file coords-v9.pdb (PDB, C-alpha atoms)
ATOM      1  CA  MET A  93      53.695 -37.170  50.985
ATOM      2  CA  THR A  94      55.217 -37.682  54.420
ATOM      3  CA  ASN A  95      53.921 -40.053  57.042
ATOM      4  CA  THR A  96      52.736 -37.122  59.158
ATOM      5  CA  ARG A  97      50.821 -35.757  56.190
ATOM      6  CA  LEU A  98      49.194 -39.147  55.593
ATOM      7  CA  VAL A  99      48.081 -39.370  59.199
ATOM      8  CA  ALA A 100      46.806 -35.793  59.119
ATOM      9  CA  ASP A 101      44.919 -36.437  55.851
ATOM     10  CA  ARG A 102      43.411 -39.594  57.298
ATOM     11  CA  ARG A 103      42.204 -37.667  60.353
ATOM     12  CA  CYS A 104      40.576 -35.060  58.121
ATOM     13  CA  GLU A 105      38.588 -37.839  56.485
ATOM     14  CA  SER A 106      37.677 -39.287  59.853
ATOM     15  CA  PRO A 107      34.080 -40.408  60.146
ATOM     16  CA  LEU A 108      33.958 -38.782  63.554
ATOM     17  CA  GLN A 109      34.327 -35.293  62.019
ATOM     18  CA  GLY A 110      31.100 -35.487  60.029
ATOM     19  CA  ASN A 111      32.507 -35.407  56.494
ATOM     20  CA  SER A 112      29.565 -34.952  54.119
ATOM     21  CA  VAL A 113      30.374 -38.181  52.261
ATOM     22  CA  LEU A 114      30.263 -40.082  55.553
ATOM     23  CA  ASP A 115      27.093 -38.637  56.997
ATOM     24  CA  THR A 116      25.430 -41.947  57.674
ATOM     25  CA  LYS A 117      25.912 -43.423  61.091
ATOM     26  CA  LYS A 118      26.498 -46.844  59.568
ATOM     27  CA  GLU A 119      29.396 -45.594  57.427
ATOM     28  CA  ARG A 120      30.934 -43.737  60.380
ATOM     29  CA  LEU A 121      30.686 -46.901  62.444
ATOM     30  CA  PHE A 122      32.349 -48.987  59.704
ATOM     31  CA  ARG A 123      35.181 -46.479  59.363
ATOM     32  CA  TRP A 124      35.707 -46.297  63.128
ATOM     33  CA  ALA A 125      35.629 -50.105  63.440
ATOM     34  CA  PHE A 126      38.133 -50.413  60.576
ATOM     35  CA  ASP A 127      40.563 -48.027  62.284
ATOM     36  CA  VAL A 128      40.210 -49.762  65.650
ATOM     37  CA  GLY A 129      40.504 -53.228  64.081
ATOM     38  CA  VAL A 130      43.651 -52.313  62.165
ATOM     39  CA  TRP A 131      45.327 -50.767  65.214
ATOM     40  CA  LEU A 132      44.426 -53.824  67.313
ATOM     41  CA  LYS A 133      45.887 -56.115  64.640
ATOM     42  CA  GLY A 134      49.079 -54.043  64.778
ATOM     43  CA  LEU A 135      49.241 -54.374  68.559
ATOM     44  CA  ASP A 136      48.517 -58.097  68.240
ATOM     45  CA  GLY A 137      51.339 -58.416  65.690
ATOM     46  CA  ALA A 138      53.792 -56.630  67.992
ATOM     47  CA  LEU A 139      52.830 -58.888  70.909
ATOM     48  CA  GLU A 140      53.252 -61.971  68.700
ATOM     49  CA  VAL A 141      56.752 -60.873  67.662
ATOM     50  CA  LEU A 142      57.648 -60.288  71.306
ATOM     51  CA  ALA A 143      56.218 -63.647  72.451
ATOM     52  CA  GLY A 144      57.836 -65.512  69.553
ATOM     53  CA  ALA A 145      61.225 -63.937  70.205
ATOM     54  CA  LEU A 146      60.899 -64.824  73.871
ATOM     55  CA  LEU A 147      60.091 -68.449  72.974
ATOM     56  CA  LEU A 148      63.145 -68.608  70.725
ATOM     57  CA  LEU A 149      65.404 -67.198  73.439
ATOM     58  CA  VAL A 150      64.397 -69.497  76.308
ATOM     59  CA  SER A 151      64.753 -73.254  76.644
ATOM     60  CA  LYS A 152      61.967 -75.755  77.204
ATOM     61  CA  ASP A 153      63.196 -76.311  80.759
ATOM     62  CA  GLN A 154      62.990 -72.579  81.480
ATOM     63  CA  ILE A 155      59.407 -72.536  80.190
ATOM     64  CA  VAL A 156      58.444 -75.496  82.383
ATOM     65  CA  ARG A 157      60.079 -73.868  85.439
ATOM     66  CA  ALA A 158      58.311 -70.552  84.704
ATOM     67  CA  VAL A 159      54.922 -72.287  84.438
ATOM     68  CA  HIS A 160      55.487 -74.143  87.698
ATOM     69  CA  TRP A 161      56.617 -70.912  89.385
ATOM     70  CA  LEU A 162      53.523 -69.053  88.147
ATOM     71  CA  ILE A 163      51.247 -71.839  89.317
ATOM     72  CA  GLY A 164      53.009 -72.058  92.681
ATOM     73  CA  THR A 165      52.657 -68.333  93.420
ATOM     74  CA  ASP A 166      49.600 -66.316  94.248
ATOM     75  CA  LEU A 167      49.213 -65.329  90.583
ATOM     76  CA  ILE A 168      46.880 -68.282  90.118
ATOM     77  CA  GLU A 169      44.268 -68.602  92.854
ATOM     78  CA  ASN A 170      43.841 -72.351  92.638
ATOM     79  CA  PRO A 171      47.053 -74.264  91.836
ATOM     80  CA  ASP A 172      45.008 -77.448  91.442
ATOM     81  CA  GLY A 173      42.344 -75.823  89.256
ATOM     82  CA  PHE A 174      41.601 -76.414  85.580
ATOM     83  CA  ILE A 175      43.779 -73.546  84.270
ATOM     84  CA  ALA A 176      46.799 -74.514  86.364
ATOM     85  CA  ILE A 177      46.520 -78.171  85.353
ATOM     86  CA  TYR A 178      46.053 -77.185  81.694
ATOM     87  CA  PHE A 179      49.215 -75.019  81.642
ATOM     88  CA  ARG A 180      51.241 -77.625  83.525
ATOM     89  CA  HIS A 181      50.112 -80.228  80.982
ATOM     90  CA  LEU A 182      50.993 -77.950  78.024
ATOM     91  CA  ALA A 183      54.432 -77.126  79.398
ATOM     92  CA  GLY A 184      55.188 -80.782  80.080
ATOM     93  CA  LYS A 185      54.170 -81.884  76.567
ATOM     94  CA  LEU A 186      56.107 -79.135  74.801
ATOM     95  CA  SER A 187      58.642 -80.735  72.483
ATOM     96  CA  VAL A 188      61.733 -78.971  71.213
ATOM     97  CA  HIS A 189      60.239 -79.025  67.701
ATOM     98  CA  ALA A 190      56.944 -77.496  68.883
ATOM     99  CA  HIS A 191      58.818 -74.945  70.973
ATOM    100  CA  TYR A 192      60.806 -73.605  68.019
ATOM    101  CA  PHE A 193      57.888 -73.939  65.595
ATOM    102  CA  ALA A 194      55.730 -71.813  67.895
ATOM    103  CA  GLY A 195      58.505 -69.206  68.210
ATOM    104  CA  PHE A 196      59.119 -68.909  64.468
ATOM    105  CA  TYR A 197      55.385 -69.019  63.713
ATOM    106  CA  LEU A 198      54.644 -66.186  66.142
ATOM    107  CA  VAL A 199      57.505 -64.023  64.883
ATOM    108  CA  GLY A 200      56.554 -64.594  61.227
ATOM    109  CA  HIS A 201      52.846 -64.112  61.879
ATOM    110  CA  GLY A 202      53.530 -60.913  63.834
ATOM    111  CA  VAL A 203      55.899 -59.418  61.256
ATOM    112  CA  ILE A 204      53.383 -60.051  58.469
ATOM    113  CA  LYS A 205      50.612 -58.418  60.510
ATOM    114  CA  ILE A 206      52.743 -55.373  61.310
ATOM    115  CA  GLY A 207      53.678 -54.953  57.637
ATOM    116  CA  LEU A 208      50.048 -55.208  56.559
ATOM    117  CA  VAL A 209      48.915 -52.756  59.232
ATOM    118  CA  ILE A 210      51.508 -50.215  58.104
ATOM    119  CA  GLY A 211      50.326 -50.624  54.516
ATOM    120  CA  LEU A 212      46.656 -50.267  55.492
ATOM    121  CA  LEU A 213      47.293 -47.180  57.618
ATOM    122  CA  ARG A 214      49.196 -45.595  54.727
ATOM    123  CA  ASP A 215      46.411 -46.516  52.271
ATOM    124  CA  LYS A 216      48.730 -48.572  50.094
ATOM    125  CA  ARG A 217      46.963 -50.309  47.216
ATOM    126  CA  TRP A 218      48.716 -53.650  47.778
ATOM    127  CA  ALA A 219      47.813 -53.769  51.484
ATOM    128  CA  TYR A 220      44.061 -54.327  51.113
ATOM    129  CA  PRO A 221      44.096 -57.519  48.999
ATOM    130  CA  SER A 222      47.251 -58.752  50.746
ATOM    131  CA  ALA A 223      45.660 -58.341  54.173
ATOM    132  CA  VAL A 224      42.568 -60.247  53.054
ATOM    133  CA  VAL A 225      44.632 -63.098  51.571
ATOM    134  CA  PHE A 226      46.929 -63.430  54.589
ATOM    135  CA  LEU A 227      44.059 -63.267  57.053
ATOM    136  CA  LEU A 228      42.241 -65.969  55.060
ATOM    137  CA  LEU A 229      45.376 -68.128  55.248
ATOM    138  CA  PHE A 230      45.632 -67.520  59.003
ATOM    139  CA  ILE A 231      41.934 -68.367  59.401
ATOM    140  CA  GLY A 232      42.454 -71.576  57.409
ATOM    141  CA  TYR A 233      45.306 -72.643  59.679
ATOM    142  CA  GLN A 234      43.418 -71.602  62.814
ATOM    143  CA  SER A 235      40.365 -73.558  61.649
ATOM    144  CA  TYR A 236      42.537 -76.634  61.137
ATOM    145  CA  ARG A 237      43.984 -76.180  64.639
ATOM    146  CA  LEU A 238      40.460 -75.836  66.024
ATOM    147  CA  THR A 239      39.611 -79.255  64.612
ATOM    148  CA  GLN A 240      42.690 -80.733  66.312
ATOM    149  CA  VAL A 241      42.653 -78.880  69.639
ATOM    150  CA  PRO A 242      39.540 -76.755  70.091
ATOM    151  CA  THR A 243      40.055 -73.743  72.356
ATOM    152  CA  LEU A 244      37.800 -70.826  73.113
ATOM    153  CA  LEU A 245      40.639 -68.325  72.647
ATOM    154  CA  LEU A 246      41.556 -69.577  69.169
ATOM    155  CA  GLY A 247      37.888 -69.651  68.198
ATOM    156  CA  ALA A 248      37.438 -66.056  69.352
ATOM    157  CA  LEU A 249      40.582 -64.908  67.498
ATOM    158  CA  THR A 250      39.307 -66.588  64.332
ATOM    159  CA  VAL A 251      35.969 -64.769  64.604
ATOM    160  CA  VAL A 252      37.819 -61.454  65.100
ATOM    161  CA  ASP A 253      39.876 -62.161  61.969
ATOM    162  CA  VAL A 254      36.674 -62.755  59.966
ATOM    163  CA  VAL A 255      35.249 -59.424  61.193
ATOM    164  CA  VAL A 256      38.492 -57.619  60.310
ATOM    165  CA  ILE A 257      38.379 -59.102  56.775
ATOM    166  CA  ILE A 258      34.846 -57.766  56.355
ATOM    167  CA  LEU A 259      35.982 -54.331  57.548
ATOM    168  CA  ILE A 260      39.023 -54.327  55.242
ATOM    169  CA  ILE A 261      36.912 -55.234  52.208
ATOM    170  CA  HIS A 262      34.377 -52.544  53.104
ATOM    171  CA  GLU A 263      37.095 -49.899  53.539
ATOM    172  CA  TRP A 264      38.815 -50.968  50.314
ATOM    173  CA  ARG A 265      35.602 -50.657  48.325
ATOM    174  CA  TRP A 266      34.669 -47.372  49.971
ATOM    175  CA  ARG A 267      38.070 -45.824  49.276
ATOM    176  CA  ALA A 268      38.025 -47.036  45.660
ATOM    177  CA  SER A 269      34.523 -45.566  45.170
ATOM    178  CA  GLN A 270      35.743 -42.215  46.525
ATOM    179  CA  GLY A 271      38.546 -42.057  43.963
ATOM    180  CA  TYR A 272      41.513 -42.352  46.301
ATOM    181  CA  PRO A 273      44.612 -42.200  44.062
ATOM    182  CA  ALA A 274      46.466 -44.869  46.058
ATOM    183  CA  LEU A 275      43.731 -47.385  45.292
ATOM    184  CA  HIS A 276      43.523 -46.909  41.517
TER     185      HIS A 276
END
call {"tool": "encode", "arguments": {"input": "coords-v9.pdb", "output": "structure tokens"}}
result
Amino acid sequence: MTNTRLVADRRCESPLQGNSVLDTKKERLFRWAFDVGVWLKGLDGALEVLAGALLLLVSKDQIVRAVHWLIGTDLIENPDGFIAIYFRHLAGKLSVHAHYFAGFYLVGHGVIKIGLVIGLLRDKRWAYPSAVVFLLLFIGYQSYRLTQVPTLLLGALTVVDVVVIILIIHEWRWRASQGYPALH
């Protein structure tokens, strides 16, 4: 089966088309949320690869200069405000080790997400449990980081990951109960 055929088949099963198996609003909502969540994870993975590659290609000094330039321009309304001070502080404390760790972490994290998203969108059997395991590992690391340096953004991303795990498990069980050959 070609990729185009898989996408076409998936659209035919779309909860938005009123398939008789998916007549309940709740099931349609779960299916829609699963699709949106998976696509957003794919976009997130692509952005992480891009950001990680950028971190690996620029020096610490270039990062510090870029932060100071951004703060000094009109992009940030208040150059002496909390956000500006926070980013100046982060850029100044960035060690070479942390710089490269962040770059490799983002690239690795993004590549894993993209691979899992491709597997989920193609209804590959291995993708469902793998996605759950990797997201649980990411949540574990994010939770550890939250205990060290609590941030609202990281907390929100962790909550989104928990919701996506719930959606993946629901989709996995639903597809298995419907007798999808890829999941048996």
call {"tool": "residues_around", "arguments": {"input": "coords-v9.pdb", "residues": "Phe126 (chain A)", "least_positions_apart": "3", "cutoff": "8 Å", "atoms": "only C-alpha atoms", "output": "list in words"}}
result
Phe122, Arg123, Gly129, Val130, Val256, Leu259, Ile260 and Glu263 of chain A
call {"tool": "residues_around", "arguments": {"input": "coords-v9.pdb", "residues": "Phe193 (chain A)", "least_positions_apart": "5", "cutoff": "12 Å", "atoms": "all atoms listed in the file", "output": "compact mmCIF listing (two decimals) with C-alpha atoms, in the coordinates of the input"}}
result
# COMPACT_ATOMS: atom_id res chain seq x y z
CA GLY A 144 57.84 -65.51 69.55
CA ALA A 145 61.22 -63.94 70.20
CA LEU A 147 60.09 -68.45 72.97
CA LEU A 148 63.14 -68.61 70.72
CA LEU A 186 56.11 -79.14 74.80
CA SER A 187 58.64 -80.74 72.48
CA VAL A 188 61.73 -78.97 71.21
CA LEU A 198 54.64 -66.19 66.14
CA VAL A 199 57.50 -64.02 64.88
CA GLY A 200 56.55 -64.59 61.23
CA HIS A 201 52.85 -64.11 61.88
call {"tool": "resolve_selection", "arguments": {"input": "coords-v9.pdb", "expression": "the PyMOL selection byres ((chain A and resi 137) around 9)", "output": "MDAnalysis selection string"}}
result
chainID A and resid 132:136 138:142 198:199 201:206 209
call {"tool": "resolve_selection", "arguments": {"input": "coords-v9.pdb", "expression": "the PyMOL selection byres ((chain A and resi 245-249) around 12)", "output": "CSV table (one decimal) with C-alpha atoms, in the coordinates of the input"}}
result
chain,number,residue,atom,x,y,z
A,132,LEU,CA,44.4,-53.8,67.3
A,133,LYS,CA,45.9,-56.1,64.6
A,136,ASP,CA,48.5,-58.1,68.2
A,227,LEU,CA,44.1,-63.3,57.1
A,230,PHE,CA,45.6,-67.5,59.0
A,231,ILE,CA,41.9,-68.4,59.4
A,232,GLY,CA,42.5,-71.6,57.4
A,233,TYR,CA,45.3,-72.6,59.7
A,234,GLN,CA,43.4,-71.6,62.8
A,235,SER,CA,40.4,-73.6,61.6
A,236,TYR,CA,42.5,-76.6,61.1
A,237,ARG,CA,44.0,-76.2,64.6
A,238,LEU,CA,40.5,-75.8,66.0
A,239,THR,CA,39.6,-79.3,64.6
A,240,GLN,CA,42.7,-80.7,66.3
A,241,VAL,CA,42.7,-78.9,69.6
A,242,PRO,CA,39.5,-76.8,70.1
A,243,THR,CA,40.1,-73.7,72.4
A,244,LEU,CA,37.8,-70.8,73.1
A,250,THR,CA,39.3,-66.6,64.3
A,251,VAL,CA,36.0,-64.8,64.6
A,252,VAL,CA,37.8,-61.5,65.1
A,253,ASP,CA,39.9,-62.2,62.0
A,254,VAL,CA,36.7,-62.8,60.0
A,255,VAL,CA,35.2,-59.4,61.2
A,256,VAL,CA,38.5,-57.6,60.3
call {"tool": "residues_near_point", "arguments": {"input": "coords-v9.pdb", "point": "(43.4, -45.6, 55.1)", "cutoff": "8 Å", "atoms": "all atoms listed in the file", "output": "PyMOL selection string"}}
result
chain A and resi 102+212-216+263+267
call {"tool": "residues_around", "arguments": {"input": "coords-v9.pdb", "residues": "Leu149 (chain A)", "least_positions_apart": "5", "cutoff": "10 Å", "atoms": "only C-alpha atoms", "output": "PyMOL selection string"}}
result
chain A and resi 143-144+154+192+195
call {"tool": "atom_distance", "arguments": {"input": "coords-v9.pdb", "atom1": "CA of Tyr272 (chain A)", "atom2": "CA of Glu119 (chain A)"}}
result
16.8 Å
call {"tool": "atom_distance", "arguments": {"input": "coords-v9.pdb", "atom1": "CA of Val128 (chain A)", "atom2": "CA of Ala194 (chain A)"}}
result
27.1 Å
call {"tool": "axis_aligned_box", "arguments": {"input": "coords-v9.pdb", "around": "region 246-252 of chain A", "padding_each_side": "8 Å", "output": "lines of an AutoDock Vina configuration file"}}
result
center_x = 38.8
center_y = -65.6
center_z = 66.8
size_x = 21.6
size_y = 24.2
size_z = 21.0
call {"tool": "atom_distance", "arguments": {"input": "coords-v9.pdb", "atom1": "CA of Phe196 (chain A)", "atom2": "CA of Trp161 (chain A)"}}
result
25.1 Å
